[in-house]
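Printed here is entry_1.cif (mmCIF, C-alpha atoms):
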data_data
loop_
_atom_site.group_PDB
_atom_site.id
_atom_site.type_symbol
_atom_site.label_atom_id
_atom_site.label_comp_id
_atom_site.auth_asym_id
_atom_site.auth_seq_id
_atom_site.Cartn_x
_atom_site.Cartn_y
_atom_site.Cartn_z
ATOM 1 C CA MET A 106 16.431 -5.925 5.529
ATOM 2 C CA LYS A 107 13.439 -5.547 3.223
ATOM 3 C CA ILE A 108 12.727 -4.284 -0.273
ATOM 4 C CA LEU A 109 9.281 -2.733 -0.784
ATOM 5 C CA SER A 110 7.662 -3.115 -4.230
ATOM 6 C CA VAL A 111 4.744 -0.787 -4.971
ATOM 7 C CA ASP A 112 2.983 -1.817 -8.195
ATOM 8 C CA ASP A 113 -0.697 -2.238 -9.044
ATOM 9 C CA SER A 114 0.030 -5.376 -11.082
ATOM 10 C CA GLY A 115 0.117 -8.533 -8.975
ATOM 11 C CA ILE A 116 1.993 -10.403 -11.707
ATOM 12 C CA MET A 117 4.646 -7.646 -11.859
ATOM 13 C CA ARG A 118 5.083 -7.851 -8.082
ATOM 14 C CA LYS A 119 5.657 -11.609 -8.474
ATOM 15 C CA ILE A 120 8.277 -10.952 -11.186
ATOM 16 C CA ILE A 121 10.011 -8.415 -8.927
ATOM 17 C CA ARG A 122 9.755 -10.751 -5.947
ATOM 18 C CA GLY A 123 11.790 -13.339 -7.901
ATOM 19 C CA ALA A 124 14.609 -10.805 -8.319
ATOM 20 C CA VAL A 125 14.444 -9.652 -4.683
ATOM 21 C CA ASP A 126 14.598 -13.276 -3.477
ATOM 22 C CA ARG A 127 17.711 -13.854 -5.584
ATOM 23 C CA LEU A 128 19.298 -10.790 -4.001
ATOM 24 C CA GLY A 129 18.628 -12.230 -0.543
ATOM 25 C CA TYR A 130 16.355 -9.472 0.795
ATOM 26 C CA ASP A 131 12.912 -9.913 2.320
ATOM 27 C CA PHE A 132 10.092 -8.824 0.052
ATOM 28 C CA ILE A 133 7.149 -6.636 1.061
ATOM 29 C CA GLU A 134 4.563 -5.195 -1.307
ATOM 30 C CA ALA A 135 1.715 -2.782 -1.904
ATOM 31 C CA ALA A 136 -0.753 -2.334 -4.769
ATOM 32 C CA ASP A 137 -0.843 1.480 -4.950
ATOM 33 C CA GLY A 138 1.014 4.501 -3.658
ATOM 34 C CA GLN A 139 -1.232 5.095 -0.660
ATOM 35 C CA GLU A 140 -0.941 1.487 0.470
ATOM 36 C CA GLY A 141 2.792 1.727 -0.169
ATOM 37 C CA LEU A 142 3.124 4.658 2.233
ATOM 38 C CA GLU A 143 1.153 2.740 4.864
ATOM 39 C CA VAL A 144 3.332 -0.367 4.487
ATOM 40 C CA LEU A 145 6.431 1.831 4.584
ATOM 41 C CA ASN A 146 5.221 3.460 7.777
ATOM 42 C CA VAL A 147 4.964 0.048 9.473
ATOM 43 C CA HIS A 148 8.385 -1.185 8.266
ATOM 44 C CA VAL A 149 10.261 2.100 8.002
ATOM 45 C CA ASN A 150 13.315 0.969 9.977
ATOM 46 C CA GLU A 151 13.720 -2.221 7.956
ATOM 47 C CA VAL A 152 13.270 -0.975 4.381
ATOM 48 C CA ALA A 153 16.524 -0.774 2.410
ATOM 49 C CA LEU A 154 14.995 0.078 -0.979
ATOM 50 C CA ILE A 155 11.649 1.114 -2.438
ATOM 51 C CA LEU A 156 10.666 0.083 -5.990
ATOM 52 C CA LEU A 157 7.931 2.329 -7.376
ATOM 53 C CA ASP A 158 5.696 1.894 -10.413
ATOM 54 C CA TRP A 159 4.466 5.179 -11.920
ATOM 55 C CA ASN A 160 0.908 4.574 -13.204
ATOM 56 C CA MET A 161 -1.182 3.301 -10.305
ATOM 57 C CA PRO A 162 -4.678 3.920 -8.962
ATOM 58 C CA VAL A 163 -5.366 5.925 -5.770
ATOM 59 C CA LYS A 164 -1.902 7.539 -5.610
ATOM 60 C CA ASP A 165 0.572 7.288 -8.491
ATOM 61 C CA GLY A 166 4.272 6.608 -8.154
ATOM 62 C CA TYR A 167 5.403 10.169 -8.732
ATOM 63 C CA GLU A 168 3.142 11.569 -5.980
ATOM 64 C CA THR A 169 4.301 8.758 -3.717
ATOM 65 C CA LEU A 170 7.943 9.580 -4.455
ATOM 66 C CA LEU A 171 7.322 13.224 -3.524
ATOM 67 C CA GLU A 172 5.758 12.213 -0.215
ATOM 68 C CA ILE A 173 8.580 9.802 0.634
ATOM 69 C CA LYS A 174 11.186 12.483 -0.064
ATOM 70 C CA LYS A 175 9.247 15.150 1.837
ATOM 71 C CA ASN A 176 8.999 13.060 5.010
ATOM 72 C CA PRO A 177 12.143 13.353 7.214
ATOM 73 C CA VAL A 178 11.556 9.809 8.488
ATOM 74 C CA THR A 179 11.597 8.206 5.009
ATOM 75 C CA GLN A 180 13.567 10.586 2.785
ATOM 76 C CA HIS A 181 16.847 8.718 3.290
ATOM 77 C CA ILE A 182 15.500 5.466 1.828
ATOM 78 C CA PRO A 183 16.604 5.032 -1.798
ATOM 79 C CA VAL A 184 13.815 4.852 -4.368
ATOM 80 C CA MET A 185 14.060 3.196 -7.771
ATOM 81 C CA MET A 186 11.310 3.766 -10.330
ATOM 82 C CA VAL A 187 10.259 0.551 -12.144
ATOM 83 C CA THR A 188 7.870 1.704 -14.816
ATOM 84 C CA THR A 189 6.794 1.814 -18.454
ATOM 85 C CA GLU A 190 7.263 5.607 -18.343
ATOM 86 C CA ALA A 191 10.505 5.550 -20.316
ATOM 87 C CA GLU A 192 10.507 9.063 -21.816
ATOM 88 C CA LYS A 193 13.569 11.102 -20.914
ATOM 89 C CA ALA A 194 11.385 13.908 -19.546
ATOM 90 C CA ASN A 195 9.819 11.532 -17.024
ATOM 91 C CA VAL A 196 13.172 10.014 -16.061
ATOM 92 C CA ILE A 197 14.545 13.520 -15.380
ATOM 93 C CA LYS A 198 11.384 14.482 -13.471
ATOM 94 C CA ALA A 199 11.711 11.448 -11.181
ATOM 95 C CA ILE A 200 15.452 11.909 -10.617
ATOM 96 C CA GLN A 201 14.922 15.594 -9.807
ATOM 97 C CA ALA A 202 12.229 14.558 -7.301
ATOM 98 C CA GLY A 203 14.714 12.293 -5.532
ATOM 99 C CA ALA A 204 14.596 8.910 -7.262
ATOM 100 C CA LYS A 205 18.032 7.313 -7.154
ATOM 101 C CA ASN A 206 17.606 4.995 -10.151
ATOM 102 C CA TYR A 207 15.204 4.145 -12.954
ATOM 103 C CA VAL A 208 14.296 0.884 -14.703
ATOM 104 C CA SER A 209 12.052 0.745 -17.764
ATOM 105 C CA LYS A 210 9.628 -2.134 -18.239
ATOM 106 C CA PRO A 211 10.085 -4.620 -19.802
ATOM 107 C CA PHE A 212 13.318 -5.750 -18.172
ATOM 108 C CA GLN A 213 15.198 -8.995 -17.775
ATOM 109 C CA GLN A 214 15.485 -10.228 -14.194
ATOM 110 C CA GLU A 215 19.287 -9.985 -14.252
ATOM 111 C CA ASP A 216 19.109 -6.327 -15.288
ATOM 112 C CA LEU A 217 16.712 -5.556 -12.444
ATOM 113 C CA ILE A 218 19.042 -7.265 -9.965
ATOM 114 C CA VAL A 219 22.019 -5.236 -11.216
ATOM 115 C CA LYS A 220 20.044 -1.985 -10.940
ATOM 116 C CA MET A 221 18.930 -2.864 -7.399
ATOM 117 C CA MET A 222 22.543 -3.628 -6.432
ATOM 118 C CA GLU A 223 23.682 -0.302 -7.882
ATOM 119 C CA THR A 224 20.977 1.538 -5.989
ATOM 120 C CA LEU A 225 21.790 -0.254 -2.746
ATOM 121 C CA GLY A 226 25.472 0.578 -3.179
ATOM 122 C CA LEU A 227 26.432 -3.083 -3.447
ATOM 123 C CA GLY A 228 29.406 -3.999 -5.615
ATOM 124 C CA VAL A 229 28.524 -5.040 -9.158
ATOM 125 C CA SER A 230 31.337 -6.976 -10.849
ATOM 126 C CA MET B 1105 3.803 -9.353 -43.259
ATOM 127 C CA SER B 1106 1.100 -7.821 -45.451
ATOM 128 C CA ILE B 1107 -0.354 -4.359 -44.908
ATOM 129 C CA GLU B 1108 -3.823 -3.645 -46.238
ATOM 130 C CA THR B 1109 -4.754 0.041 -46.462
ATOM 131 C CA SER B 1110 -8.247 0.141 -47.895
ATOM 132 C CA HIS B 1111 -9.577 2.637 -45.311
ATOM 133 C CA LYS B 1112 -8.514 6.227 -44.954
ATOM 134 C CA SER B 1113 -7.198 6.913 -41.490
ATOM 135 C CA SER B 1114 -4.705 8.956 -39.555
ATOM 136 C CA LEU B 1115 -2.832 5.774 -38.731
ATOM 137 C CA ASP B 1116 0.564 5.831 -40.320
ATOM 138 C CA ALA B 1117 3.626 3.705 -40.805
ATOM 139 C CA ASN B 1118 5.370 5.226 -37.779
ATOM 140 C CA LEU B 1119 2.559 4.036 -35.508
ATOM 141 C CA VAL B 1120 2.521 0.562 -37.058
ATOM 142 C CA ASN B 1121 6.280 0.254 -36.717
ATOM 143 C CA ALA B 1122 6.194 1.505 -33.106
ATOM 144 C CA VAL B 1123 3.489 -0.974 -32.077
ATOM 145 C CA VAL B 1124 5.061 -3.937 -33.872
ATOM 146 C CA ALA B 1125 8.546 -3.209 -32.486
ATOM 147 C CA SER B 1126 7.164 -2.682 -28.966
ATOM 148 C CA THR B 1127 5.171 -5.923 -29.060
ATOM 149 C CA MET B 1128 8.161 -7.969 -30.193
ATOM 150 C CA HIS B 1129 10.439 -6.278 -27.630
ATOM 151 C CA VAL B 1130 8.065 -6.827 -24.700
ATOM 152 C CA MET B 1131 7.339 -10.460 -25.559
ATOM 153 C CA SER B 1132 10.967 -11.410 -26.050
ATOM 154 C CA THR B 1133 12.413 -9.448 -23.116
ATOM 155 C CA ILE B 1134 10.102 -10.331 -20.262
ATOM 156 C CA ALA B 1135 8.229 -13.405 -21.544
ATOM 157 C CA SER B 1136 11.038 -15.111 -23.516
ATOM 158 C CA THR B 1137 8.602 -15.497 -26.396
ATOM 159 C CA GLU B 1138 9.483 -14.755 -30.002
ATOM 160 C CA VAL B 1139 6.563 -13.356 -31.990
ATOM 161 C CA GLN B 1140 6.084 -12.532 -35.652
ATOM 162 C CA CYS B 1141 3.746 -9.945 -37.115
ATOM 163 C CA LYS B 1142 1.854 -11.761 -39.856
ATOM 164 C CA GLU B 1143 -0.604 -9.152 -41.072
ATOM 165 C CA VAL B 1144 -1.748 -5.551 -40.574
ATOM 166 C CA LYS B 1145 -5.074 -4.427 -41.975
ATOM 167 C CA ALA B 1146 -7.406 -1.472 -41.556
ATOM 168 C CA GLN B 1147 -10.949 -1.772 -40.217
ATOM 169 C CA THR B 1148 -13.609 0.624 -39.052
ATOM 170 C CA ASP B 1149 -14.481 -0.417 -35.509
ATOM 171 C CA TYR B 1150 -13.206 -2.420 -32.563
ATOM 172 C CA LYS B 1151 -13.883 -6.093 -33.182
ATOM 173 C CA PRO B 1152 -12.594 -8.305 -30.391
ATOM 174 C CA CYS B 1153 -11.404 -11.709 -31.499
ATOM 175 C CA GLY B 1154 -10.006 -13.619 -28.553
ATOM 176 C CA ASP B 1155 -10.936 -15.050 -25.155
ATOM 177 C CA ILE B 1156 -9.176 -12.441 -23.056
ATOM 178 C CA SER B 1157 -8.542 -8.792 -23.922
ATOM 179 C CA ALA B 1158 -6.760 -5.901 -22.250
ATOM 180 C CA ILE B 1159 -7.450 -2.338 -23.331
ATOM 181 C CA ILE B 1160 -5.546 0.837 -22.584
ATOM 182 C CA ASN B 1161 -6.085 4.445 -23.649
ATOM 183 C CA ILE B 1162 -3.363 6.871 -24.725
ATOM 184 C CA THR B 1163 -3.921 10.622 -24.594
ATOM 185 C CA GLY B 1164 -1.759 13.584 -25.477
ATOM 186 C CA HIS B 1165 -2.267 17.221 -26.375
ATOM 187 C CA ASN B 1166 -2.140 16.460 -30.122
ATOM 188 C CA GLY B 1167 -3.905 13.110 -30.249
ATOM 189 C CA GLU B 1168 -5.578 10.195 -28.494
ATOM 190 C CA GLY B 1169 -6.117 6.530 -29.093
ATOM 191 C CA MET B 1170 -6.286 3.074 -27.668
ATOM 192 C CA LEU B 1171 -4.628 -0.311 -27.864
ATOM 193 C CA ALA B 1172 -6.487 -3.580 -27.335
ATOM 194 C CA LEU B 1173 -4.549 -6.822 -26.960
ATOM 195 C CA SER B 1174 -6.501 -10.076 -27.375
ATOM 196 C CA PHE B 1175 -5.365 -13.649 -26.823
ATOM 197 C CA PRO B 1176 -6.878 -17.096 -27.052
ATOM 198 C CA VAL B 1177 -6.909 -18.314 -23.449
ATOM 199 C CA GLN B 1178 -4.403 -21.124 -24.041
ATOM 200 C CA LEU B 1179 -1.791 -18.794 -25.529
ATOM 201 C CA ALA B 1180 -2.366 -16.222 -22.780
ATOM 202 C CA SER B 1181 -1.682 -18.927 -20.195
ATOM 203 C CA ILE B 1182 1.555 -20.007 -21.902
ATOM 204 C CA ILE B 1183 2.945 -16.472 -22.187
ATOM 205 C CA VAL B 1184 1.856 -15.182 -18.768
ATOM 206 C CA SER B 1185 3.123 -18.289 -16.974
ATOM 207 C CA ARG B 1186 6.575 -17.564 -18.441
ATOM 208 C CA LEU B 1187 6.557 -14.151 -16.773
ATOM 209 C CA ILE B 1188 6.687 -15.796 -13.369
ATOM 210 C CA GLY B 1189 8.448 -19.037 -14.262
ATOM 211 C CA ILE B 1190 5.655 -21.530 -13.672
ATOM 212 C CA THR B 1191 3.858 -24.016 -15.915
ATOM 213 C CA PRO B 1192 0.582 -22.887 -17.564
ATOM 214 C CA ASP B 1193 -1.504 -25.376 -15.551
ATOM 215 C CA LYS B 1194 -0.374 -23.711 -12.292
ATOM 216 C CA LEU B 1195 -1.464 -20.236 -13.440
ATOM 217 C CA SER B 1196 -4.523 -18.781 -11.700
ATOM 218 C CA VAL B 1197 -7.284 -17.003 -13.636
ATOM 219 C CA GLU B 1198 -6.491 -13.825 -11.675
ATOM 220 C CA ASP B 1199 -2.810 -13.955 -12.629
ATOM 221 C CA ARG B 1200 -3.667 -14.682 -16.264
ATOM 222 C CA CYS B 1201 -5.895 -11.600 -16.445
ATOM 223 C CA ASP B 1202 -3.381 -9.462 -14.561
ATOM 224 C CA GLY B 1203 -0.560 -10.668 -16.819
ATOM 225 C CA VAL B 1204 -2.390 -9.782 -20.029
ATOM 226 C CA GLY B 1205 -3.087 -6.354 -18.517
ATOM 227 C CA GLU B 1206 0.595 -5.889 -17.734
ATOM 228 C CA LEU B 1207 1.580 -6.952 -21.259
ATOM 229 C CA VAL B 1208 -0.681 -4.317 -22.841
ATOM 230 C CA ASN B 1209 0.654 -1.799 -20.313
ATOM 231 C CA MET B 1210 4.255 -2.468 -21.353
ATOM 232 C CA ILE B 1211 3.457 -2.544 -25.095
ATOM 233 C CA SER B 1212 1.551 0.741 -24.778
ATOM 234 C CA GLY B 1213 4.303 2.302 -22.675
ATOM 235 C CA ASN B 1214 6.975 1.391 -25.194
ATOM 236 C CA THR B 1215 4.798 2.580 -28.071
ATOM 237 C CA LYS B 1216 4.099 5.922 -26.424
ATOM 238 C CA SER B 1217 7.812 6.445 -25.745
ATOM 239 C CA LYS B 1218 8.519 5.955 -29.440
ATOM 240 C CA LEU B 1219 5.647 8.280 -30.408
ATOM 241 C CA SER B 1220 6.810 10.879 -27.879
ATOM 242 C CA GLU B 1221 10.264 10.910 -29.475
ATOM 243 C CA GLN B 1222 8.799 11.191 -32.976
ATOM 244 C CA ASN B 1223 6.213 13.853 -32.139
ATOM 245 C CA ASN B 1224 8.173 15.663 -29.407
ATOM 246 C CA THR B 1225 5.229 15.471 -27.037
ATOM 247 C CA LEU B 1226 4.305 13.540 -23.890
ATOM 248 C CA TYR B 1227 1.419 11.079 -23.806
ATOM 249 C CA THR B 1228 -0.433 9.640 -20.830
ATOM 250 C CA LEU B 1229 -1.628 6.063 -20.388
ATOM 251 C CA SER B 1230 -4.802 4.969 -18.629
ATOM 252 C CA LEU B 1231 -4.797 1.936 -16.380
ATOM 253 C CA PRO B 1232 -5.582 -1.246 -18.335
ATOM 254 C CA THR B 1233 -9.072 -2.772 -18.450
ATOM 255 C CA ILE B 1234 -9.217 -6.557 -18.788
ATOM 256 C CA ILE B 1235 -12.147 -8.520 -20.193
ATOM 257 C CA GLN B 1236 -12.373 -12.297 -20.200
ATOM 258 C CA GLY B 1237 -14.892 -14.569 -21.887
ATOM 259 C CA PRO B 1238 -15.424 -16.006 -25.362
ATOM 260 C CA LYS B 1239 -17.089 -13.681 -27.907
ATOM 261 C CA HIS B 1240 -16.969 -10.721 -25.543
ATOM 262 C CA HIS B 1241 -17.673 -7.327 -27.056
ATOM 263 C CA VAL B 1242 -16.473 -3.880 -26.071
ATOM 264 C CA SER B 1243 -18.381 -0.784 -27.141
ATOM 265 C CA THR B 1244 -16.175 2.173 -27.921
ATOM 266 C CA ARG B 1245 -16.842 5.791 -28.802
ATOM 267 C CA PRO B 1246 -16.773 7.452 -31.204
ATOM 268 C CA LYS B 1247 -18.152 4.766 -33.493
ATOM 269 C CA ASN B 1248 -16.573 4.104 -36.880
ATOM 270 C CA ASN B 1249 -13.122 5.160 -35.748
ATOM 271 C CA PRO B 1250 -10.449 3.765 -38.029
ATOM 272 C CA TYR B 1251 -8.585 0.860 -36.450
ATOM 273 C CA LEU B 1252 -5.609 -1.200 -37.396
ATOM 274 C CA LEU B 1253 -5.817 -4.917 -36.737
ATOM 275 C CA MET B 1254 -2.396 -6.480 -36.266
ATOM 276 C CA LEU B 1255 -2.122 -10.246 -36.255
ATOM 277 C CA PHE B 1256 0.847 -11.820 -34.486
ATOM 278 C CA GLU B 1257 1.951 -15.416 -34.253
ATOM 279 C CA ALA B 1258 3.588 -17.054 -31.243
ATOM 280 C CA GLU B 1259 3.909 -20.719 -30.289
ATOM 281 C CA GLY B 1260 1.951 -21.655 -33.425
ATOM 282 C CA GLN B 1261 -1.071 -19.618 -32.303
ATOM 283 C CA THR B 1262 -2.379 -16.189 -33.248
ATOM 284 C CA PHE B 1263 -3.046 -13.179 -31.047
ATOM 285 C CA ASN B 1264 -3.982 -9.692 -32.121
ATOM 286 C CA LEU B 1265 -3.585 -6.038 -31.323
ATOM 287 C CA GLN B 1266 -6.141 -3.481 -32.407
ATOM 288 C CA VAL B 1267 -4.920 0.089 -32.459
ATOM 289 C CA SER B 1268 -6.659 3.378 -32.984
ATOM 290 C CA PHE B 1269 -4.917 6.744 -32.864
ATOM 291 C CA LYS B 1270 -6.393 10.026 -33.943
ATOM 292 C CA THR B 1271 -4.470 13.302 -34.153
ATOM 293 C CA PHE B 1272 -6.263 16.570 -33.405
#

Conversion result in structure tokens:
Amino acid sequence: MKILSVDDSGIMRKIIRGAVDRLGYDFIEAADGQEGLEVLNVHVNEVALILLDWNMPVKDGYETLLEIKKNPVTQHIPVMMVTTEAEKANVIKAIQAGAKNYVSKPFQQEDLIVKMMETLGLGVS
Amino acid sequence: MSIETSHKSSLDANLVNAVVASTMHVMSTIASTEVQCKEVKAQTDYKPCGDISAIINITGHNGEGMLALSFPVQLASIIVSRLIGITPDKLSVEDRCDGVGELVNMISGNTKSKLSEQNNTLYTLSLPTIIQGPKHHVSTRPKNNPYLLMLFEAEGQTFNLQVSFKTF
């Protein structure tokens, strides 16, 4: 199974890739929300989790989240926001729109792994 | 840390504290780099002093501003390479620029969260702009805006943050 990271920062996608590799999932990526939806469309049956940045060019993470949750083909896939948007109002907005979890940047790799495991429903001891 | 306040400005201690705390938090959490704020002083325009800079704008209904983060290239390479667990000599120019952009993004994001709590308002960040090259200059408007120059030390080298924030 695959984890899709959508983030306009190439270095952040490399950081996230390190955590995804440690979790044992395949990593796929996109640099903005529109590209993320296109990549998701290609791999829809293999994607176990989507990690979404918020501030991105072309289509931001919140708009992308809305589209994922509106589409019957993709709405079941859990989404975790991975973003600098740490204000409570934004966290609530994303959760109400269907995000299953939320990670604020900066994070330590171990914390990201734990959050991904929680979101995937894997046991965290 | 010394704070020089010779210029009148709308920049206050809350902003300074938010930026300093955010910078130290970001550097230690994701780049395993301890930094110290050595000096904060007021100035009247953006004066870049580094080889690579990343700039981001913050806007809200009661104010707007910008943060500019500038590094000497060697220090930028050390810190950014730690983000992805490689040695500085393996870091590409593209990744170095992207990494400095992501650092200013995280520092700005943390700062705006702190300001949002203090001012009970939401702010929006622009995407970062990254400039590389010795003695580069960035023109900003309006001219003669008050700025704070914050000097930080890490790995025996100095980097700086220049911050402007104006309330309406």

I'd like the residues picked by the PyMOL selection byres ((chain A and resi 210) around 12) written out as a compact mmCIF listing (two decimals) with C-alpha atoms, in the coordinates of the input, using the chain letters and numbers from the file.
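Contents of selection-v2.txt, freshly written:
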# COMPACT_ATOMS: atom_id res chain seq x y z
CA MET A 117 4.65 -7.65 -11.86
CA ILE A 120 8.28 -10.95 -11.19
CA ILE A 121 10.01 -8.41 -8.93
CA LEU A 157 7.93 2.33 -7.38
CA ASP A 158 5.70 1.89 -10.41
CA TRP A 159 4.47 5.18 -11.92
CA MET A 186 11.31 3.77 -10.33
CA VAL A 187 10.26 0.55 -12.14
CA THR A 188 7.87 1.70 -14.82
CA THR A 189 6.79 1.81 -18.45
CA GLU A 190 7.26 5.61 -18.34
CA ALA A 191 10.50 5.55 -20.32
CA GLU A 192 10.51 9.06 -21.82
CA TYR A 207 15.20 4.14 -12.95
CA VAL A 208 14.30 0.88 -14.70
CA SER A 209 12.05 0.74 -17.76
CA PRO A 211 10.09 -4.62 -19.80
CA PHE A 212 13.32 -5.75 -18.17
CA GLN A 213 15.20 -8.99 -17.77
CA GLN A 214 15.48 -10.23 -14.19
CA ASP A 216 19.11 -6.33 -15.29
CA LEU A 217 16.71 -5.56 -12.44
CA SER B 1126 7.16 -2.68 -28.97
CA HIS B 1129 10.44 -6.28 -27.63
CA VAL B 1130 8.06 -6.83 -24.70
CA MET B 1131 7.34 -10.46 -25.56
CA THR B 1133 12.41 -9.45 -23.12
CA ILE B 1134 10.10 -10.33 -20.26
CA ALA B 1135 8.23 -13.40 -21.54
CA GLU B 1206 0.60 -5.89 -17.73
CA LEU B 1207 1.58 -6.95 -21.26
CA VAL B 1208 -0.68 -4.32 -22.84
CA ASN B 1209 0.65 -1.80 -20.31
CA MET B 1210 4.26 -2.47 -21.35
CA ILE B 1211 3.46 -2.54 -25.10
CA SER B 1212 1.55 0.74 -24.78
CA GLY B 1213 4.30 2.30 -22.68
CA ASN B 1214 6.98 1.39 -25.19
CA THR B 1215 4.80 2.58 -28.07
CA SER B 1217 7.81 6.44 -25.74

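The environment of segment 1186-1203 of chain B within 8 Å, counting all atoms listed in the file and disregarding residues fewer than 2 places along the same chain, consists of A:Ser114, A:Gly115, A:Ile116, A:Met117, A:Lys119, A:Ile120, A:Gly123, B:Ile1134, B:Ala1135, B:Ser1136, B:Ile1156, B:Ala1180, B:Ser1181, B:Ile1182, B:Ile1183, B:Val1184, B:Gly1205, B:Glu1206, B:Leu1207, B:Ile1234, B:Ile1235, B:Gln1236.
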
- Kindly give the distance, in Å, that separates atom CA of Leu1265 of chain B and atom CA of Leu1173 of chain B, rounded to a single decimal. 4.5 Å

- Selected residue, from B:Val1204, B:Leu1231, B:Leu1119, B:Leu1255, that lies nearest to Lys1270 of chain B when counting only C-alpha atoms: B:Leu1119

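Among the candidates A:Val147, A:Leu109, A:Val152, A:Met185, the residue lying nearest to Ala135 of chain A is A:Leu109 (atoms considered: all atoms listed in the file).
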
- Query: What's the 12 Å shell around Val178 of chain A, counting only C-alpha atoms, without same-chain residues fewer than 6 positions away, as a PyMOL selection string?
  - Reply: chain A and resi 142+145-150+152+172

- Note on the structure: Residue with the minimum atom-to-atom distance to chain A, picked from B:Ser1132, B:Ser1157, B:Thr1262, B:Gln1178 with only C-alpha atoms counted, is B:Ser1132

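For the file shown, the residue list from the PyMOL selection byres ((chain A and resi 136) around 7) reads Val111, Asp112, Asp113, Glu134, Ala135, Asp137 and Glu140 of chain A.
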
- Correct to one decimal, the distance atom CA of Thr1233 of chain B-atom CA of Glu1259 of chain B is 25.1 Å

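Minimum atom-to-atom distance to chain A, evaluated using only C-alpha atoms, belongs to B:Ser1220 out of B:Thr1127, B:Ser1174, B:Gln1140, B:Ser1220.
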
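Near Leu1171 of chain B, within 8 Å and counting all atoms listed in the file, sit B:Ile1159, B:Ile1160, B:Asn1161, B:Ile1162, B:Val1208, B:Ser1212, B:Leu1265, B:Gln1266, B:Val1267, B:Ser1268, not including residues fewer than 6 positions from it in the same chain.
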
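For the choices A:Lys205, A:Lys220, A:Arg122, A:Lys174, the atom-to-atom distance to chain B is smallest for A:Arg122 when using only C-alpha atoms.
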
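As for atom CA of Glu1143 of chain B and atom CA of Leu1252 of chain B, they are spaced 10.1 Å apart.
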
- Can you list, as JSON, numbers by chain, every protein, DNA or RNA residue that comes within 10 Å of Ala199 of chain A when you count only C-alpha atoms, leaving out same-chain residues fewer than 2 positions away? {"A": [159, 166, 167, 170, 171, 184, 185, 186, 193, 194, 195, 196, 197, 201, 202, 203, 204, 205, 206, 207]}

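Take the candidates B:Thr1137, B:Ser1230, B:Gln1147, B:Asn1166 and check each one against chain A using all atoms listed in the file; the shortest distance goes to B:Ser1230.
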
Completion of segment 1189-1201 of chain B up to N, CA and C atoms, as a JSON list (two decimals), keeping the file's coordinate frame:
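Output file rebuild_24.json is given in full below:
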[["chain", "number", "residue", "atom", "x", "y", "z"],
["B", 1189, "GLY", "N", 7.68, -17.80, -14.33],
["B", 1189, "GLY", "CA", 8.45, -19.04, -14.26],
["B", 1189, "GLY", "C", 7.70, -20.22, -13.70],
["B", 1190, "ILE", "N", 6.42, -20.35, -14.08],
["B", 1190, "ILE", "CA", 5.66, -21.53, -13.67],
["B", 1190, "ILE", "C", 5.09, -22.19, -14.92],
["B", 1191, "THR", "N", 4.49, -23.36, -14.77],
["B", 1191, "THR", "CA", 3.86, -24.02, -15.92],
["B", 1191, "THR", "C", 2.43, -23.47, -16.08],
["B", 1192, "PRO", "N", 1.91, -23.49, -17.32],
["B", 1192, "PRO", "CA", 0.58, -22.89, -17.56],
["B", 1192, "PRO", "C", -0.52, -23.48, -16.69],
["B", 1193, "ASP", "N", -0.44, -24.76, -16.35],
["B", 1193, "ASP", "CA", -1.50, -25.38, -15.55],
["B", 1193, "ASP", "C", -1.52, -24.88, -14.11],
["B", 1194, "LYS", "N", -0.43, -24.24, -13.67],
["B", 1194, "LYS", "CA", -0.37, -23.71, -12.29],
["B", 1194, "LYS", "C", -0.84, -22.25, -12.23],
["B", 1195, "LEU", "N", -1.12, -21.66, -13.39],
["B", 1195, "LEU", "CA", -1.46, -20.24, -13.44],
["B", 1195, "LEU", "C", -2.92, -20.01, -13.03],
["B", 1196, "SER", "N", -3.15, -19.08, -12.11],
["B", 1196, "SER", "CA", -4.52, -18.78, -11.70],
["B", 1196, "SER", "C", -5.20, -17.88, -12.74],
["B", 1197, "VAL", "N", -6.52, -17.88, -12.73],
["B", 1197, "VAL", "CA", -7.28, -17.00, -13.64],
["B", 1197, "VAL", "C", -6.94, -15.54, -13.35],
["B", 1198, "GLU", "N", -6.81, -15.20, -12.07],
["B", 1198, "GLU", "CA", -6.49, -13.82, -11.68],
["B", 1198, "GLU", "C", -5.13, -13.40, -12.25],
["B", 1199, "ASP", "N", -4.14, -14.28, -12.11],
["B", 1199, "ASP", "CA", -2.81, -13.96, -12.63],
["B", 1199, "ASP", "C", -2.81, -13.87, -14.15],
["B", 1200, "ARG", "N", -3.61, -14.73, -14.80],
["B", 1200, "ARG", "CA", -3.67, -14.68, -16.26],
["B", 1200, "ARG", "C", -4.22, -13.33, -16.72],
["B", 1201, "CYS", "N", -5.30, -12.89, -16.09],
["B", 1201, "CYS", "CA", -5.90, -11.60, -16.44],
["B", 1201, "CYS", "C", -4.91, -10.47, -16.14]]
